[in-house]
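Here's start28.txt, which has compact mmCIF, C-alpha atoms and all ligand atoms:
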# COMPACT_ATOMS: atom_id res chain seq x y z
CA MET H 1078 -23.71 -17.73 13.17
CA SER H 1079 -24.22 -20.33 15.82
CA LYS H 1080 -20.82 -19.75 17.44
CA GLU H 1081 -18.49 -16.82 17.83
CA ARG H 1082 -15.88 -16.59 15.08
CA TYR H 1083 -13.05 -14.35 13.95
CA LEU H 1084 -14.07 -12.86 10.62
CA ASP H 1085 -11.72 -12.72 7.66
CA SER H 1086 -13.80 -11.22 4.86
CA LEU H 1087 -17.32 -10.53 3.73
CA GLU H 1088 -18.70 -10.44 0.19
CA ILE H 1089 -22.06 -8.83 -0.50
CA LYS H 1090 -23.81 -9.42 -3.83
CA TRP H 1091 -26.23 -6.53 -4.16
CA HIS H 1092 -29.53 -6.82 -6.02
CA SER H 1093 -30.03 -3.05 -5.85
CA ILE H 1094 -26.64 -1.53 -5.12
CA ALA H 1095 -26.22 0.18 -1.76
CA ILE H 1096 -24.09 3.34 -2.07
CA ASP H 1097 -23.56 4.03 1.61
CA TYR H 1098 -23.70 1.31 4.23
CA GLN H 1099 -22.10 0.05 7.39
CA ILE H 1100 -21.03 -3.41 8.50
CA LEU H 1101 -21.30 -4.01 12.24
CA ALA H 1102 -20.46 -6.96 14.46
CA TRP H 1103 -21.90 -7.80 17.85
CA SER H 1104 -19.25 -8.14 20.52
CA GLY H 1105 -18.92 -7.22 24.18
CA GLY H 1106 -22.63 -6.37 24.43
CA GLN H 1107 -22.61 -3.78 21.64
CA TRP H 1108 -22.51 -3.28 17.87
CA ASN H 1109 -18.97 -2.50 16.68
CA LEU H 1110 -18.32 -0.79 13.36
CA LEU H 1111 -16.22 -2.97 11.03
CA ALA H 1112 -16.61 -0.99 7.81
CA ASP H 1113 -18.14 2.38 6.93
CA VAL H 1114 -18.66 2.29 3.17
CA LYS H 1115 -19.40 5.48 1.24
CA GLY H 1116 -19.88 5.87 -2.50
CA ASN H 1117 -19.97 2.17 -3.38
CA THR H 1118 -20.65 1.45 -7.07
CA GLN H 1119 -19.90 -2.27 -7.10
CA ALA H 1120 -22.63 -4.89 -7.47
CA ILE H 1121 -20.32 -7.35 -5.73
CA ALA H 1122 -18.59 -5.65 -2.82
CA ARG H 1123 -15.81 -7.46 -0.99
CA HIS H 1124 -14.63 -6.34 2.42
CA ASP H 1125 -11.54 -7.60 4.17
CA ILE H 1126 -12.10 -7.42 7.89
CA ALA H 1127 -8.98 -6.41 9.73
CA SER H 1128 -10.65 -6.48 13.13
CA ASP H 1129 -9.71 -9.08 15.70
CA LEU H 1130 -13.25 -9.07 17.07
CA LYS H 1131 -14.84 -12.43 17.71
CA THR H 1132 -18.53 -12.34 16.93
CA ASP H 1133 -21.62 -14.46 16.33
CA LYS H 1134 -23.81 -11.69 14.90
CA LEU H 1135 -23.31 -9.42 11.93
CA ARG H 1136 -25.40 -6.50 10.72
CA ILE H 1137 -25.40 -4.68 7.40
CA SER H 1138 -26.96 -1.26 7.88
CA ILE H 1139 -28.01 0.32 4.57
CA ILE H 1140 -27.98 4.14 4.54
CA LYS H 1141 -28.33 5.04 0.88
CA THR H 1142 -29.18 2.97 -2.21
CA THR H 1143 -29.32 3.51 -5.98
CA GLY H 1144 -32.98 2.55 -6.14
CA THR H 1145 -36.03 2.86 -3.94
CA ASN H 1146 -35.83 -0.71 -2.69
CA TYR H 1147 -33.19 -2.67 -0.85
CA GLY H 1148 -31.88 -6.00 -2.00
CA ILE H 1149 -29.10 -8.44 -1.34
CA ARG H 1150 -28.75 -11.55 -3.47
CA GLU H 1151 -26.14 -13.21 -1.33
CA VAL H 1152 -23.82 -12.63 1.60
CA VAL H 1153 -20.69 -14.78 1.65
CA LEU H 1154 -18.78 -14.80 4.90
CA ASP H 1155 -15.30 -16.18 5.34
CA VAL H 1156 -14.13 -16.88 8.85
CA GLU H 1157 -10.48 -17.06 9.84
CA SER H 1158 -9.40 -20.66 9.35
CA LEU H 1159 -7.43 -22.60 11.91
CA ILE H 1160 -4.14 -24.25 11.08
CA THR H 1161 -3.47 -27.82 12.18
CA ASP H 1162 0.23 -27.72 11.28
CA LEU H 1163 2.71 -27.28 14.09
CA SER H 1164 4.61 -24.59 12.22
CA TYR H 1165 3.94 -21.29 10.54
CA SER H 1166 6.26 -19.17 8.37
CA ASP H 1167 5.84 -15.42 8.49
CA CYS H 1168 7.99 -14.21 5.59
CA ALA H 1169 9.49 -10.97 4.26
CA LEU H 1170 9.25 -8.88 7.42
CA ARG H 1171 11.00 -5.56 7.83
CA ALA H 1172 13.62 -5.34 10.55
CA GLY H 1173 11.95 -4.89 13.92
CA SER H 1174 10.52 -6.66 16.92
CA TYR H 1175 7.38 -8.75 16.45
CA ALA H 1176 5.03 -10.12 19.12
CA TYR H 1177 3.49 -13.50 18.33
CA ALA H 1178 0.68 -15.20 20.21
CA ILE H 1179 -0.70 -18.72 19.70
CA THR H 1180 -4.04 -19.93 21.00
CA ALA H 1181 -5.79 -23.27 20.58
CA GLU H 1182 -9.47 -23.62 19.75
CA ASN H 1183 -11.79 -26.62 20.12
CA ILE H 1184 -14.95 -27.70 18.27
CA LEU H 1185 -17.05 -25.51 20.58
CA ASN H 1186 -14.94 -22.49 19.56
CA CYS H 1187 -13.57 -22.25 23.08
CA GLU H 1188 -10.18 -20.62 22.95
CA SER H 1189 -7.19 -21.26 25.21
CA GLU H 1190 -5.10 -18.62 26.91
CA ALA H 1191 -2.48 -17.22 24.57
CA VAL H 1192 1.17 -18.17 24.73
CA VAL H 1193 3.29 -15.24 23.58
CA LEU H 1194 6.75 -14.86 22.13
CA GLN H 1195 8.84 -11.96 20.87
CA ALA H 1196 10.94 -12.38 17.70
CA VAL H 1197 13.50 -9.87 16.46
CA VAL H 1198 14.24 -9.48 12.74
CA ASP H 1199 17.61 -7.85 12.09
CA PRO H 1200 18.31 -5.37 9.28
CA PRO H 1201 20.95 -6.28 6.66
CA GLU H 1202 24.65 -6.19 7.67
CA THR H 1203 26.35 -2.81 7.35
CA PRO H 1204 28.43 -2.63 4.14
CA ASN H 1205 32.13 -3.16 4.94
CA GLY H 1206 35.34 -1.53 3.73
CA LEU H 1207 33.93 1.73 2.41
CA ARG H 1208 36.70 3.82 0.86
CA ALA H 1209 36.77 7.09 -1.04
CA ALA H 1210 39.38 8.00 -3.68
CA VAL H 1211 39.35 11.69 -4.48
CA ASN H 1212 40.71 12.78 -7.83
CA GLY H 1213 40.18 16.48 -8.48
CA PRO H 1214 36.40 17.02 -8.38
CA ASP H 1215 35.64 13.27 -8.64
CA VAL H 1216 34.98 10.97 -5.70
CA SER H 1217 35.05 7.22 -6.30
CA LEU H 1218 33.53 5.07 -3.58
CA THR H 1219 34.23 1.36 -3.18
CA TRP H 1220 32.95 -1.18 -0.66
CA GLU H 1221 32.75 -4.92 -0.20
CA HIS H 1222 29.81 -7.01 -1.25
CA ASN H 1223 27.63 -8.56 1.45
CA GLN H 1224 26.48 -11.98 0.31
CA GLU H 1225 23.41 -12.46 2.45
CA PRO H 1226 19.93 -13.83 1.71
CA GLY H 1227 17.44 -11.31 0.37
CA LEU H 1228 19.94 -8.50 -0.22
CA LEU H 1229 18.66 -6.39 -3.10
CA GLY H 1230 21.32 -3.72 -3.49
CA TYR H 1231 22.88 -0.57 -2.07
CA LEU H 1232 21.84 3.03 -1.69
CA VAL H 1233 24.43 5.78 -1.98
CA LEU H 1234 23.71 9.00 -0.11
CA ARG H 1235 25.64 12.26 -0.27
CA ASN H 1236 24.97 14.69 2.60
CA GLY H 1237 21.90 12.64 3.45
CA MET H 1238 20.41 12.74 -0.06
CA ILE H 1239 20.28 9.76 -2.39
CA VAL H 1240 22.53 10.26 -5.42
CA ASN H 1241 22.46 8.21 -8.66
CA LYS H 1242 19.44 10.13 -9.93
CA GLU H 1243 19.99 8.67 -13.40
CA GLN H 1244 19.20 5.27 -11.96
CA LEU H 1245 15.65 5.98 -10.91
CA ASN H 1246 13.31 3.10 -11.63
CA GLU H 1247 9.72 3.82 -12.54
CA VAL H 1248 7.65 1.41 -10.47
CA ALA H 1249 4.00 2.51 -10.59
CA ALA H 1250 3.03 -0.52 -12.68
CA GLU H 1251 4.28 -2.84 -9.91
CA GLY H 1252 1.69 -1.40 -7.55
CA HIS H 1253 -1.98 -2.12 -6.96
CA PRO H 1254 -4.01 1.06 -7.56
CA SER H 1255 -7.26 1.92 -5.80
CA ALA H 1256 -9.34 5.04 -5.31
CA SER H 1257 -12.00 6.07 -2.82
CA SER H 1258 -14.35 6.63 -5.75
CA GLN H 1259 -14.62 6.19 -9.49
CA TYR H 1260 -16.99 7.81 -11.99
CA ASN H 1261 -17.80 4.49 -13.59
CA VAL H 1262 -16.11 1.18 -14.35
CA ASN H 1263 -14.36 2.65 -17.42
CA ASN H 1264 -12.67 5.18 -15.14
CA ASN H 1265 -11.30 2.83 -12.51
CA ALA H 1266 -7.97 3.36 -10.75
CA ASP H 1267 -6.14 0.92 -13.06
CA LYS H 1268 -6.53 3.43 -15.88
CA ALA H 1269 -4.03 5.79 -14.21
CA ILE H 1270 -1.16 3.33 -14.63
CA ASP H 1271 -2.05 1.58 -17.90
CA ARG H 1272 0.34 3.81 -19.92
CA ASP H 1273 -2.45 4.69 -22.32
CA PRO H 1274 -2.84 8.50 -22.41
CA ASN H 1275 -6.41 8.16 -23.70
CA THR H 1276 -7.67 6.39 -20.60
CA PHE H 1277 -7.93 7.89 -17.13
CA TRP H 1278 -9.15 7.39 -13.59
CA ARG H 1279 -11.87 9.84 -12.66
CA SER H 1280 -13.54 10.34 -9.29
CA ASP H 1281 -17.31 10.50 -8.87
CA GLY H 1282 -17.11 14.19 -8.01
CA LYS H 1283 -18.33 14.02 -4.43
CA GLY H 1284 -15.82 15.81 -2.23
CA PRO H 1285 -12.32 14.83 -1.06
CA THR H 1286 -10.96 11.76 -2.79
CA THR H 1287 -7.98 9.49 -2.28
CA PHE H 1288 -5.93 7.61 -4.87
CA THR H 1289 -3.65 4.93 -3.43
CA LEU H 1290 -0.94 2.72 -4.84
CA LYS H 1291 0.02 -0.30 -2.74
CA PHE H 1292 3.09 -2.46 -3.30
CA ASP H 1293 3.68 -6.06 -2.29
CA ALA H 1294 6.96 -5.02 -0.62
CA PRO H 1295 8.34 -1.66 0.56
CA LYS H 1296 10.26 0.54 -1.86
CA VAL H 1297 12.28 3.75 -1.64
CA ILE H 1298 10.05 6.28 -3.39
CA SER H 1299 11.45 9.70 -4.25
CA SER H 1300 8.96 11.35 -6.59
CA VAL H 1301 5.47 11.28 -8.06
CA ARG H 1302 4.68 12.49 -11.58
CA MET H 1303 1.12 12.90 -12.83
CA GLN H 1304 -0.70 13.92 -15.97
CA TYR H 1305 -4.11 15.24 -15.00
CA VAL H 1306 -7.27 15.12 -17.03
CA TYR H 1307 -9.09 17.07 -14.29
CA VAL H 1308 -6.46 19.30 -12.68
CA ALA H 1309 -6.19 19.10 -8.89
CA TYR H 1310 -5.41 22.38 -7.15
CA ASP H 1311 -4.86 21.41 -3.53
CA TYR H 1312 -3.71 17.97 -2.46
CA GLN H 1313 -1.40 16.08 -0.16
CA ILE H 1314 0.93 13.20 -0.95
CA LEU H 1315 1.21 10.73 1.91
CA TYR H 1316 3.06 7.53 2.59
CA ARG H 1317 2.25 4.73 4.95
CA GLU H 1318 4.44 3.88 7.89
CA GLY H 1319 2.95 1.10 9.98
CA ASP H 1320 -0.59 2.16 10.88
CA LYS H 1321 0.00 5.84 10.11
CA TRP H 1322 -0.24 7.98 6.99
CA ILE H 1323 2.53 10.58 6.94
CA SER H 1324 2.40 13.65 4.70
CA ILE H 1325 5.50 14.09 2.53
CA LEU H 1326 4.24 16.90 0.30
CA ASP H 1327 1.50 19.52 0.65
CA VAL H 1328 0.58 20.99 -2.75
CA GLN H 1329 -1.39 24.23 -2.85
CA ALA H 1330 -2.83 26.17 -5.78
CA ASN H 1331 -1.45 23.92 -8.51
CA ARG H 1332 -2.68 24.85 -12.01
CA GLN H 1333 -0.49 22.54 -14.10
CA ALA H 1334 -1.86 19.56 -16.03
CA GLU H 1335 1.53 17.84 -15.74
CA VAL H 1336 3.23 17.83 -12.36
CA ASN H 1337 6.50 16.40 -11.10
CA HIS H 1338 6.69 16.27 -7.32
CA GLU H 1339 10.10 15.36 -5.99
CA PHE H 1340 10.07 14.58 -2.28
CA SER H 1341 12.39 16.44 0.08
CA TYR H 1342 13.66 13.01 1.13
CA PRO H 1343 13.03 9.51 -0.27
CA VAL H 1344 10.51 7.49 1.72
CA TRP H 1345 10.64 3.77 2.49
CA THR H 1346 7.08 2.55 2.19
CA ASP H 1347 4.74 0.03 0.61
CA GLU H 1348 1.89 2.50 0.09
CA ILE H 1349 1.67 5.98 -1.45
CA ARG H 1350 -1.55 7.99 -1.29
CA ILE H 1351 -2.72 11.21 -2.87
CA GLN H 1352 -5.43 13.00 -0.90
CA PHE H 1353 -7.23 15.35 -3.30
CA LEU H 1354 -8.95 18.32 -1.68
CA SER H 1355 -9.91 20.77 -4.44
CA GLY H 1356 -9.54 21.15 -8.18
CA ALA H 1357 -10.60 22.80 -11.42
CA THR H 1358 -13.89 20.88 -11.44
CA GLN H 1359 -15.77 18.72 -8.98
CA TYR H 1360 -13.88 15.73 -10.45
CA PHE H 1361 -10.33 14.60 -9.94
CA GLY H 1362 -8.78 12.64 -12.78
CA ILE H 1363 -5.36 11.19 -13.61
CA ARG H 1364 -4.40 10.06 -17.12
CA GLU H 1365 -1.07 8.62 -16.03
CA LEU H 1366 0.81 8.42 -12.75
CA TYR H 1367 4.50 7.58 -12.39
CA LEU H 1368 6.39 6.77 -9.21
CA GLU H 1369 10.13 6.84 -9.08
CA GLU H 1370 12.10 4.45 -6.92
CA SER H 1371 15.52 5.76 -5.88
CA PHE H 1372 17.50 2.63 -5.65
CA LEU H 1373 20.92 1.58 -6.77
CA GLY H 1374 20.19 -1.99 -7.77
CA LEU H 1375 22.78 -4.66 -7.10
CA GLU H 1376 23.23 -5.54 -10.75
CA LYS H 1377 23.96 -1.94 -11.62
CA ALA H 1378 26.33 -1.58 -8.69
CA LEU H 1379 28.30 -4.62 -9.76
CA LEU H 1380 28.44 -3.58 -13.41
CA ASP H 1381 30.14 -0.37 -12.37
CA ALA H 1382 33.69 -1.26 -11.35
CA GLU H 1383 34.10 2.02 -9.52
CA LEU H 1384 31.15 1.35 -7.28
CA SER H 1385 31.75 -2.16 -6.04
CA GLU H 1386 34.18 -4.97 -5.65
CA GLY H 1387 34.24 -8.59 -4.53
CA ASP H 1388 33.14 -11.85 -6.12
CA LEU H 1389 29.52 -12.29 -7.01
CA THR H 1390 28.57 -15.94 -7.21
CA SER H 1391 24.82 -15.50 -7.65
CA SER H 1392 22.64 -12.56 -8.41
CA THR H 1393 19.86 -11.86 -5.94
CA ARG H 1394 17.76 -9.95 -8.48
CA CA G 1 -4.27 5.94 -18.76
Will you turn the file into structure tokens for me?
Ligand SMILES: [Ca+2]
Amino acid sequence: MSKERYLDSLEIKWHSIAIDYQILAWSGGQWNLLADVKGNTQAIARHDIASDLKTDKLRISIIKTTGTNYGIREVVLDVESLITDLSYSDCALRAGSYAYAITAENILNCESEAVVLQAVVDPPETPNGLRAAVNGPDVSLTWEHNQEPGLLGYLVLRNGMIVNKEQLNEVAAEGHPSASSQYNVNNNADKAIDRDPNTFWRSDGKGPTTFTLKFDAPKVISSVRMQYVYVAYDYQILYREGDKWISILDVQANRQAEVNHEFSYPVWTDEIRIQFLSGATQYFGIRELYLEESFLGLEKALLDAELSEGDLTSSTR
């Protein structure tokens, strides 16, 4: 590249597929690792570049290939595009404090100093008017409806645990599955949530493997059910919180082909990951995976007279 740019994504069309390779960018007088790819099987490999490095030089370092020769048909590079509008909408953010910075860039790719601003996104209003009517062993809760934009519904907790277990929603199909490896294209990660018991995701059998399900928006996940085709013995279930993966369940010495892992507490996350460590064979394989969302949806809450009151003029679901 003739000028330094922020990179957005890189697509490599392999002639002979590279299995292991690295993508590096030149910045600050050294090569910086952008991606460390292992076990690639794709002839067209796309890499989103999350780095905020500005670079004018890119290197693809091939470590291991399928054949004896190296070959790339095409490298397509997308650079971050500039906006010319004087506004930008950053939508659907969780409650929290966000730091924004704006810079200006000219035709020579010279960049201005940044102007920075902090914006605070508030959580929803606390539900009002909560009352409990106790009748023998039965407790009926009522509260007032909050009519505010984006409200999806209410969660009811008893002693810190979510109740309404009968109202679990199965949400795996709403997620985007991916795995750190697949045996071949017929065994890709999609096969674990296609609700066909004859199809399955299968790893390539080379060591620890991850299977990840990513959602467009965070959910309250309370359990993972799986039907294995290659039983995993030792594995961890993790969820993503910001930049971190947090372990919610550590499974050891499983021998069951069907497992139901209920979390000790529901997690609010947009990504669930299973880190497989050992199993019955060198492969890990899932026929079907189910994720349960503990959530008392607004519609259900309002259908149940005991659980809600107030006028509903429009449904938010
Ligand atoms: Ca399947």
Given the point (-9.3, 9.6, -14.8) in the file's coordinates, find the residues that have an atom at most 8 Å from it, counting only C-alpha atoms, and give them as JSON, numbers by chain. {"H": [1264, 1265, 1266, 1268, 1269, 1276, 1277, 1278, 1279, 1280, 1305, 1306, 1307, 1361, 1362, 1363, 1364]}
Using only C-alpha atoms, which protein or nucleic acid residues come within 6 Å of stretch 1111-1120 of chain H? Drop anything in the same chain fewer than 5 positions from it, and give the result as a CSV table (one decimal) with C-alpha atoms, in the frame of the given file.
chain,number,residue,atom,x,y,z
H,1090,LYS,CA,-23.8,-9.4,-3.8
H,1091,TRP,CA,-26.2,-6.5,-4.2
H,1094,ILE,CA,-26.6,-1.5,-5.1
H,1096,ILE,CA,-24.1,3.3,-2.1
H,1097,ASP,CA,-23.6,4.0,1.6
H,1098,TYR,CA,-23.7,1.3,4.2
H,1099,GLN,CA,-22.1,0.0,7.4
H,1100,ILE,CA,-21.0,-3.4,8.5
H,1101,LEU,CA,-21.3,-4.0,12.2
Neighbours of stretch 1200-1216 of chain H within 9 Å (only C-alpha atoms; same-chain residues fewer than 5 positions away dropped), as a list in words? Arg1171, Ala1172, Gly1173, Glu1221, His1222, Asn1223, Glu1225, Gly1227, Leu1228 and Tyr1231 of chain H
Store the residues of this selection in a file with C-alpha atoms, as a PDB file, in the frame of the given file.
ATOM      1  CA  ARG H1171      11.000  -5.560   7.830  1.00  0.00           C
ATOM      2  CA  ALA H1172      13.620  -5.340  10.550  1.00  0.00           C
ATOM      3  CA  GLY H1173      11.950  -4.890  13.920  1.00  0.00           C
ATOM      4  CA  GLU H1221      32.750  -4.920  -0.200  1.00  0.00           C
ATOM      5  CA  HIS H1222      29.810  -7.010  -1.250  1.00  0.00           C
ATOM      6  CA  ASN H1223      27.630  -8.560   1.450  1.00  0.00           C
ATOM      7  CA  GLU H1225      23.410 -12.460   2.450  1.00  0.00           C
ATOM      8  CA  GLY H1227      17.440 -11.310   0.370  1.00  0.00           C
ATOM      9  CA  LEU H1228      19.940  -8.500  -0.220  1.00  0.00           C
ATOM     10  CA  TYR H1231      22.880  -0.570  -2.070  1.00  0.00           C
TER      11      TYR H1231
END
What does the distance between atom CA of H:Gly1230 and atom CA of H:Leu1368 come to in Å, to one decimal place?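 Separation of atom CA of H:Gly1230 and atom CA of H:Leu1368: 19.1 Å.
Look at H:Phe1340: the protein and nucleic acid residues within 12 Å of it, using all atoms listed in the file and passing over chain neighbours fewer than 2 places away, are Met1238, Ile1239, Val1297, Ile1298, Ser1299, Ser1300, Val1301, Arg1302, Gln1313, Ile1314, Leu1315, Tyr1316, Ser1324, Ile1325, Leu1326, Asp1327, Val1328, Asn1337, His1338, Tyr1342, Pro1343, Val1344, Trp1345, Leu1368, Glu1369, Glu1370 and Ser1371 of chain H.
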Could stretch 1253-1347 of chain H be written out with C-alpha atoms, as a compact mmCIF listing (two decimals), in the first residue's frame, please?
# COMPACT_ATOMS: atom_id res chain seq x y z
CA HIS H 1253 -24.09 -18.08 14.63
CA PRO H 1254 -22.07 -21.27 15.21
CA SER H 1255 -18.35 -21.63 14.56
CA ALA H 1256 -15.64 -24.09 15.54
CA SER H 1257 -11.87 -23.92 15.69
CA SER H 1258 -11.77 -26.89 13.32
CA GLN H 1259 -13.98 -29.11 11.21
CA TYR H 1260 -13.32 -32.54 9.72
CA ASN H 1261 -14.62 -31.47 6.34
CA VAL H 1262 -17.25 -29.18 4.87
CA ASN H 1263 -20.02 -31.73 5.54
CA ASN H 1264 -19.18 -31.55 9.24
CA ASN H 1265 -19.22 -27.79 9.71
CA ALA H 1266 -20.46 -26.08 12.88
CA ASP H 1267 -23.91 -25.37 11.37
CA LYS H 1268 -24.65 -29.08 11.52
CA ALA H 1269 -24.82 -28.96 15.34
CA ILE H 1270 -27.89 -26.70 15.30
CA ASP H 1271 -29.72 -27.86 12.16
CA ARG H 1272 -32.11 -30.07 14.19
CA ASP H 1273 -31.27 -33.05 12.00
CA PRO H 1274 -29.98 -35.89 14.22
CA ASN H 1275 -28.23 -37.49 11.24
CA THR H 1276 -25.88 -34.57 10.68
CA PHE H 1277 -23.15 -33.42 13.04
CA TRP H 1278 -20.21 -31.10 13.53
CA ARG H 1279 -16.95 -32.97 13.89
CA SER H 1280 -13.51 -31.58 14.68
CA ASP H 1281 -10.42 -32.48 12.67
CA GLY H 1282 -9.01 -34.45 15.58
CA LYS H 1283 -5.97 -32.33 16.31
CA GLY H 1284 -5.98 -31.45 20.00
CA PRO H 1285 -8.12 -29.02 22.01
CA THR H 1286 -11.04 -27.61 20.07
CA THR H 1287 -13.56 -24.85 20.62
CA PHE H 1288 -17.19 -24.65 19.51
CA THR H 1289 -18.74 -21.19 19.78
CA LEU H 1290 -22.22 -19.80 19.37
CA LYS H 1291 -22.48 -16.04 18.91
CA PHE H 1292 -25.69 -14.03 19.13
CA ASP H 1293 -26.50 -10.68 17.58
CA ALA H 1294 -27.61 -9.40 21.00
CA PRO H 1295 -26.99 -10.60 24.58
CA LYS H 1296 -29.28 -13.20 26.12
CA VAL H 1297 -29.75 -14.74 29.55
CA ILE H 1298 -28.47 -18.29 29.07
CA SER H 1299 -29.08 -20.86 31.79
CA SER H 1300 -28.22 -24.25 30.32
CA VAL H 1301 -26.56 -26.14 27.48
CA ARG H 1302 -27.80 -29.51 26.23
CA MET H 1303 -25.82 -31.61 23.77
CA GLN H 1304 -26.11 -34.89 21.93
CA TYR H 1305 -22.63 -36.13 21.14
CA VAL H 1306 -21.58 -38.26 18.23
CA TYR H 1307 -18.01 -38.35 19.60
CA VAL H 1308 -18.35 -38.12 23.38
CA ALA H 1309 -16.28 -35.43 25.09
CA TYR H 1310 -14.87 -36.38 28.49
CA ASP H 1311 -13.33 -33.18 29.80
CA TYR H 1312 -14.48 -29.74 28.72
CA GLN H 1313 -15.30 -26.25 29.92
CA ILE H 1314 -18.31 -24.09 29.11
CA LEU H 1315 -17.45 -20.42 28.93
CA TYR H 1316 -19.29 -17.20 28.26
CA ARG H 1317 -18.01 -13.92 26.97
CA GLU H 1318 -18.06 -10.79 29.06
CA GLY H 1319 -16.45 -7.88 27.25
CA ASP H 1320 -12.99 -9.03 26.17
CA LYS H 1321 -12.88 -11.95 28.61
CA TRP H 1322 -14.02 -15.56 28.49
CA ILE H 1323 -15.39 -16.65 31.86
CA SER H 1324 -15.81 -20.31 32.80
CA ILE H 1325 -19.31 -21.18 34.03
CA LEU H 1326 -18.96 -24.96 34.11
CA ASP H 1327 -16.00 -27.34 34.30
CA VAL H 1328 -16.99 -30.85 33.20
CA GLN H 1329 -14.70 -33.74 34.07
CA ALA H 1330 -14.89 -37.43 33.16
CA ASN H 1331 -18.22 -37.24 31.33
CA ARG H 1332 -19.19 -40.53 29.63
CA GLN H 1333 -22.74 -39.66 28.53
CA ALA H 1334 -23.73 -39.22 24.89
CA GLU H 1335 -26.54 -36.87 25.97
CA VAL H 1336 -25.73 -34.18 28.50
CA ASN H 1337 -27.77 -31.43 30.11
CA HIS H 1338 -25.62 -28.82 31.83
CA GLU H 1339 -27.59 -26.36 33.90
CA PHE H 1340 -25.50 -23.39 35.01
CA SER H 1341 -25.26 -22.50 38.70
CA TYR H 1342 -26.50 -19.06 37.69
CA PRO H 1343 -27.86 -17.68 34.40
CA VAL H 1344 -25.35 -15.67 32.41
CA TRP H 1345 -26.00 -12.51 30.39
CA THR H 1346 -23.88 -12.84 27.28
CA ASP H 1347 -23.82 -12.76 23.50
